[in-house]
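Student: Here you go, one structure.
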Amino acid sequence: MLSIDPKELTAVQTQAYLQGAVGPRPIAFASTVDEEGNPNLSPFSFFNLFSSNPPILVFSPARRVRNNTVKHTLLNCEATKEVVVNIANYDMVQQLSLSSTEYGDGVDEFIKSGFTKLPSDVVKPFRVAESPVQLECKVNDIIALGDQGGAGNLIICEVVKIHICEAVLDDKGVIDQHKIDLIARMGGNWYTRATPGMFEVEKPLTTLGIGVDAIPNEAKKSGIFAGNDLGILGNVEVLPNTAEISDFVNNNAQLKEWVEQKNNELIYKKAKAFLEANDVSSAWKTLLAATI
């Protein structure tokens with residue numbers, strides 16, 4: 001394993017390693033205005049949600065690595081204490097990337113990137129009409145993390161108005177994660193699209209999982225079950241009882257034969273197949289059949 005002291009790297013090298021390793025990073029498409037009302041629009045991938053009550057977002061326009069200058073977004077937030085964070089999806093990624101061009105003072109990125117301005121209700125910066133969710137924010141605080149190139153500036157902002165495109169809602173009025181089709185930044189020129197890679201993981205908060213320690217050691221050491229398999233098995237609340245396991249075995253001739261032969265390898269592989277089919281109950285009954 002390569003082990004590196006960040007102090008021995010250049011700022012460019014550190015940035016490349018960190019941005020390549022920490023991702024996907026959601027994108028804050030930040031709309032601001034200066035004190036004269038001139039609009040600015042720029043994406044930032046150092047961004048996330050940090051509180052829902054109060055609703056707090058934090059994003060960071062870092063100082064430029066190449067010349068240690070600061071971005072218009074930071075200056076505007078310092079001057080006006082207002083910003084609109086527009087959420088970015090796949091339909092707008094190429095225009096969003098174009099808007100990150102380092103245009104000079106007074107150049108309107110809305111016009112350059114072809115986005116449509118929408119007046120906000122509470123704050124002065126415009127919303128991006130093409131964005132599926134637009135969050136009007138007041139800036140609560142700005143924390144400078146350093147004074148050298150690459151240093152972040154944490155803009156802590158409170159959401160004061162939420163706008164959601166109805167096309168991304170499901171029949172219950174909740175944002176449908178497939179319809180919203182979010183994007184995120186990776187390292188270098190790479191982005192990722194959330195929708196094709198999404199998968200569900202049941203939250204342990206909804207159950208009291210028995211834990212991986214309840215799985216027989218022989219099964220854990222077999223090499224058949226990956227860490228994700230063990231996590232799924234450990235997230236059930238109750239194990240099947242002896243009667244349920246016996247009934248299950250007696251109704252499965254092949255499994256019964258393996259149990260009689262004490263062929264635990266094939267038993268575990270069958271349990272693994274049940275896990276891959278999302279049948280956790282049958283996976284546990286099969287797994288525990290090796291113990292009867």
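Please note that chains go A, B, ... in the order of the structure tokens, that every chain numbers its residues from 1, and that ligands are numbered from 1 in the order shown.
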I'd like the contact shell of Ser45 of chain A - 6 Å cut-off, only C-alpha atoms, skipping same-chain residues fewer than 2 positions apart - returned as an mmCIF file with C-alpha atoms, in the first residue's frame.

Tutor:
data_model
loop_
_atom_site.group_PDB
_atom_site.id
_atom_site.type_symbol
_atom_site.label_atom_id
_atom_site.label_comp_id
_atom_site.auth_asym_id
_atom_site.auth_seq_id
_atom_site.Cartn_x
_atom_site.Cartn_y
_atom_site.Cartn_z
ATOM 1 C CA ARG A 25 -19.424 14.087 -4.535
ATOM 2 C CA PRO A 26 -22.797 15.825 -4.951
ATOM 3 C CA ILE A 27 -22.753 19.119 -6.810
ATOM 4 C CA PHE A 47 -20.903 20.072 -0.931
#

Student: Any chance you could list, as a VMD selection string, the residues in segment 12-144 of chain A that come up strand (DSSP E) when DSSP is run on the backbone?

Tutor: chain A and resid 28 to 33 39 to 44 47 to 52 55 to 59 82 to 87 117 to 118 127 to 128 133 to 144

Student: Residues near Glu82 of chain A, anyone? I mean within 6 Å using only C-alpha atoms, not counting same-chain ones fewer than 4 positions away, as a list in words.

Tutor: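 The filter keeps Cys77, Cys137, Lys138 and Val139 of chain A.
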
Student: Keeping N, CA, C and O atoms for every residue in the selection just given, could you write it to a file as a PDB file, in the first residue's frame?

Tutor:
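The resulting selection.pdb:
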ATOM      1  N   CYS A  77     -21.041  35.742  -1.873  1.00  0.00           N
ATOM      2  CA  CYS A  77     -21.655  35.269  -0.628  1.00  0.00           C
ATOM      3  C   CYS A  77     -21.210  36.124   0.556  1.00  0.00           C
ATOM      4  O   CYS A  77     -21.991  36.386   1.475  1.00  0.00           O
ATOM      5  N   CYS A 137     -31.228  30.110  -0.227  1.00  0.00           N
ATOM      6  CA  CYS A 137     -30.503  30.050   1.052  1.00  0.00           C
ATOM      7  C   CYS A 137     -30.020  31.414   1.521  1.00  0.00           C
ATOM      8  O   CYS A 137     -29.674  32.287   0.719  1.00  0.00           O
ATOM      9  N   LYS A 138     -29.989  31.568   2.834  1.00  0.00           N
ATOM     10  CA  LYS A 138     -29.304  32.665   3.497  1.00  0.00           C
ATOM     11  C   LYS A 138     -27.978  32.132   4.026  1.00  0.00           C
ATOM     12  O   LYS A 138     -27.931  31.033   4.588  1.00  0.00           O
ATOM     13  N   VAL A 139     -26.922  32.898   3.870  1.00  0.00           N
ATOM     14  CA  VAL A 139     -25.611  32.476   4.347  1.00  0.00           C
ATOM     15  C   VAL A 139     -25.481  32.796   5.834  1.00  0.00           C
ATOM     16  O   VAL A 139     -25.564  33.955   6.236  1.00  0.00           O
TER      17      VAL A 139
END

Student: Between atom CA of Gly150 of chain A and atom CA of Pro55 of chain A, what is the distance, to one decimal in Å?

Tutor: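 If I compute the distance from atom CA of Gly150 of chain A to atom CA of Pro55 of chain A, I get 27.4 Å.
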
Student: Would you please work out which residue, of A:Glu202, A:Glu166, A:Glu257, A:Glu36, is nearest to Lys179 of chain A when using only C-alpha atoms?

Tutor: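 Of the candidates, the smallest distance to Lys179 of chain A is held by A:Glu166.
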
Student: With segment 182-185 of chain A as the partner and 12 Å as the cut-off, tabulate the residues of segment 9-97 of chain A that qualify, each row holding the nearest pair of atoms and their distance in Å to one decimal, using only C-alpha atoms, sorted by chain and rising number, as JSON lines.

Tutor:
{"residue": "A:Gln19", "atom": "CA", "partner": "A:Arg185", "partner_atom": "CA", "distance": 8.6}
{"residue": "A:Gly20", "atom": "CA", "partner": "A:Arg185", "partner_atom": "CA", "distance": 9.5}
{"residue": "A:Ala21", "atom": "CA", "partner": "A:Arg185", "partner_atom": "CA", "distance": 11.1}
{"residue": "A:Val22", "atom": "CA", "partner": "A:Arg185", "partner_atom": "CA", "distance": 9.5}
{"residue": "A:Gly23", "atom": "CA", "partner": "A:Arg185", "partner_atom": "CA", "distance": 6.7}
{"residue": "A:Pro24", "atom": "CA", "partner": "A:Ala184", "partner_atom": "CA", "distance": 5.3}
{"residue": "A:Arg25", "atom": "CA", "partner": "A:Arg185", "partner_atom": "CA", "distance": 5.0}
{"residue": "A:Pro26", "atom": "CA", "partner": "A:Ala184", "partner_atom": "CA", "distance": 4.6}
{"residue": "A:Ile27", "atom": "CA", "partner": "A:Ala184", "partner_atom": "CA", "distance": 5.9}
{"residue": "A:Ala28", "atom": "CA", "partner": "A:Ala184", "partner_atom": "CA", "distance": 9.7}
{"residue": "A:Phe29", "atom": "CA", "partner": "A:Ala184", "partner_atom": "CA", "distance": 11.3}
{"residue": "A:Pro43", "atom": "CA", "partner": "A:Arg185", "partner_atom": "CA", "distance": 10.2}
{"residue": "A:Phe44", "atom": "CA", "partner": "A:Arg185", "partner_atom": "CA", "distance": 9.2}
{"residue": "A:Ser45", "atom": "CA", "partner": "A:Arg185", "partner_atom": "CA", "distance": 6.3}
{"residue": "A:Phe46", "atom": "CA", "partner": "A:Arg185", "partner_atom": "CA", "distance": 9.3}
{"residue": "A:Phe47", "atom": "CA", "partner": "A:Ala184", "partner_atom": "CA", "distance": 10.3}
{"residue": "A:Asn48", "atom": "CA", "partner": "A:Ala184", "partner_atom": "CA", "distance": 11.3}
{"residue": "A:Asn86", "atom": "CA", "partner": "A:Leu182", "partner_atom": "CA", "distance": 11.7}
{"residue": "A:Ile87", "atom": "CA", "partner": "A:Leu182", "partner_atom": "CA", "distance": 8.0}
{"residue": "A:Ala88", "atom": "CA", "partner": "A:Leu182", "partner_atom": "CA", "distance": 6.2}
{"residue": "A:Asn89", "atom": "CA", "partner": "A:Leu182", "partner_atom": "CA", "distance": 4.2}
{"residue": "A:Tyr90", "atom": "CA", "partner": "A:Ile183", "partner_atom": "CA", "distance": 5.7}
{"residue": "A:Asp91", "atom": "CA", "partner": "A:Leu182", "partner_atom": "CA", "distance": 9.1}
{"residue": "A:Met92", "atom": "CA", "partner": "A:Ile183", "partner_atom": "CA", "distance": 9.4}
{"residue": "A:Val93", "atom": "CA", "partner": "A:Ile183", "partner_atom": "CA", "distance": 7.6}
{"residue": "A:Gln94", "atom": "CA", "partner": "A:Ile183", "partner_atom": "CA", "distance": 11.2}
{"residue": "A:Leu96", "atom": "CA", "partner": "A:Ile183", "partner_atom": "CA", "distance": 10.9}
{"residue": "A:Ser97", "atom": "CA", "partner": "A:Arg185", "partner_atom": "CA", "distance": 10.7}

Student: Using N, CA, C and O atoms, can you write the selected residues to a file as a CSV table (one decimal), in the first residue's frame?

Tutor:
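Output below, filename result.csv:
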chain,number,residue,atom,x,y,z
A,19,GLN,N,-9.5,14.0,-4.5
A,19,GLN,CA,-10.7,14.0,-5.4
A,19,GLN,C,-10.9,12.7,-6.1
A,19,GLN,O,-12.0,12.3,-6.4
A,20,GLY,N,-9.8,12.0,-6.3
A,20,GLY,CA,-9.9,10.6,-6.9
A,20,GLY,C,-10.5,9.6,-5.9
A,20,GLY,O,-11.1,8.6,-6.3
A,21,ALA,N,-10.2,9.8,-4.6
A,21,ALA,CA,-10.6,8.9,-3.6
A,21,ALA,C,-11.9,9.2,-3.0
A,21,ALA,O,-12.7,8.2,-2.6
A,22,VAL,N,-12.2,10.4,-2.8
A,22,VAL,CA,-13.5,10.8,-2.1
A,22,VAL,C,-14.5,11.2,-3.1
A,22,VAL,O,-14.6,12.2,-3.7
A,23,GLY,N,-15.4,10.2,-3.3
A,23,GLY,CA,-16.5,10.4,-4.3
A,23,GLY,C,-17.4,9.3,-4.3
A,23,GLY,O,-17.2,8.3,-3.6
A,24,PRO,N,-18.6,9.4,-5.0
A,24,PRO,CA,-19.0,10.5,-5.7
A,24,PRO,C,-19.4,11.7,-4.8
A,24,PRO,O,-19.8,11.5,-3.7
A,25,ARG,N,-19.1,12.9,-5.3
A,25,ARG,CA,-19.4,14.1,-4.5
A,25,ARG,C,-20.6,14.8,-5.2
A,25,ARG,O,-20.6,15.1,-6.3
A,26,PRO,N,-21.7,15.1,-4.4
A,26,PRO,CA,-22.8,15.8,-5.0
A,26,PRO,C,-22.4,17.2,-5.4
A,26,PRO,O,-21.3,17.7,-4.9
A,27,ILE,N,-23.1,17.8,-6.2
A,27,ILE,CA,-22.8,19.1,-6.8
A,27,ILE,C,-23.7,20.2,-6.4
A,27,ILE,O,-24.9,20.1,-6.5
A,28,ALA,N,-23.1,21.3,-5.8
A,28,ALA,CA,-23.9,22.5,-5.5
A,28,ALA,C,-23.7,23.4,-6.7
A,28,ALA,O,-22.6,24.0,-6.9
A,29,PHE,N,-24.8,23.6,-7.5
A,29,PHE,CA,-24.8,24.5,-8.6
A,29,PHE,C,-25.2,25.9,-8.0
A,29,PHE,O,-26.4,26.2,-7.9
A,43,PRO,N,-20.5,25.6,-10.4
A,43,PRO,CA,-20.7,24.3,-9.7
A,43,PRO,C,-19.6,24.1,-8.7
A,43,PRO,O,-18.4,24.4,-9.0
A,44,PHE,N,-19.9,23.4,-7.6
A,44,PHE,CA,-18.9,23.1,-6.6
A,44,PHE,C,-19.2,21.7,-6.1
A,44,PHE,O,-20.3,21.4,-5.6
A,45,SER,N,-18.2,20.8,-6.1
A,45,SER,CA,-18.4,19.4,-5.6
A,45,SER,C,-18.0,19.2,-4.2
A,45,SER,O,-18.1,18.1,-3.7
A,46,PHE,N,-17.5,20.2,-3.5
A,46,PHE,CA,-17.3,20.1,-2.1
A,46,PHE,C,-18.6,20.6,-1.4
A,46,PHE,O,-18.7,21.8,-1.1
A,47,PHE,N,-19.5,19.7,-1.3
A,47,PHE,CA,-20.9,20.1,-0.9
A,47,PHE,C,-21.7,18.9,-0.3
A,47,PHE,O,-21.5,17.8,-0.7
A,48,ASN,N,-22.5,19.3,0.7
A,48,ASN,CA,-23.4,18.3,1.2
A,48,ASN,C,-24.5,18.9,2.1
A,48,ASN,O,-24.4,20.1,2.5
A,86,ASN,N,-28.7,25.1,-6.6
A,86,ASN,CA,-29.5,24.3,-7.6
A,86,ASN,C,-28.9,22.9,-7.7
A,86,ASN,O,-27.7,22.7,-7.8
A,87,ILE,N,-29.8,21.9,-7.6
A,87,ILE,CA,-29.4,20.5,-7.7
A,87,ILE,C,-29.2,20.1,-9.1
A,87,ILE,O,-30.0,20.4,-10.0
A,88,ALA,N,-28.1,19.4,-9.4
A,88,ALA,CA,-27.8,19.1,-10.8
A,88,ALA,C,-28.2,17.6,-11.1
A,88,ALA,O,-27.9,16.7,-10.3
A,89,ASN,N,-28.8,17.5,-12.3
A,89,ASN,CA,-29.1,16.1,-12.8
A,89,ASN,C,-28.5,15.9,-14.2
A,89,ASN,O,-27.8,16.8,-14.7
A,90,TYR,N,-28.7,14.7,-14.7
A,90,TYR,CA,-28.0,14.3,-15.9
A,90,TYR,C,-28.3,15.2,-17.1
A,90,TYR,O,-27.4,15.4,-18.0
A,91,ASP,N,-29.5,15.6,-17.2
A,91,ASP,CA,-30.0,16.4,-18.3
A,91,ASP,C,-29.2,17.7,-18.5
A,91,ASP,O,-29.2,18.3,-19.6
A,92,MET,N,-28.5,18.2,-17.4
A,92,MET,CA,-27.9,19.5,-17.5
A,92,MET,C,-26.4,19.4,-17.3
A,92,MET,O,-25.7,20.4,-17.2
A,93,VAL,N,-25.8,18.2,-17.3
A,93,VAL,CA,-24.4,18.1,-16.9
A,93,VAL,C,-23.4,18.8,-17.9
A,93,VAL,O,-22.5,19.4,-17.5
A,94,GLN,N,-23.7,18.8,-19.2
A,94,GLN,CA,-22.8,19.4,-20.1
A,94,GLN,C,-22.8,20.9,-20.0
A,94,GLN,O,-21.8,21.6,-20.0
A,96,LEU,N,-23.7,22.5,-17.3
A,96,LEU,CA,-23.1,22.8,-16.0
A,96,LEU,C,-21.6,22.8,-16.1
A,96,LEU,O,-21.0,23.7,-15.5
A,97,SER,N,-21.0,21.9,-16.8
A,97,SER,CA,-19.6,21.9,-16.9
A,97,SER,C,-19.1,23.1,-17.7
A,97,SER,O,-18.1,23.7,-17.3
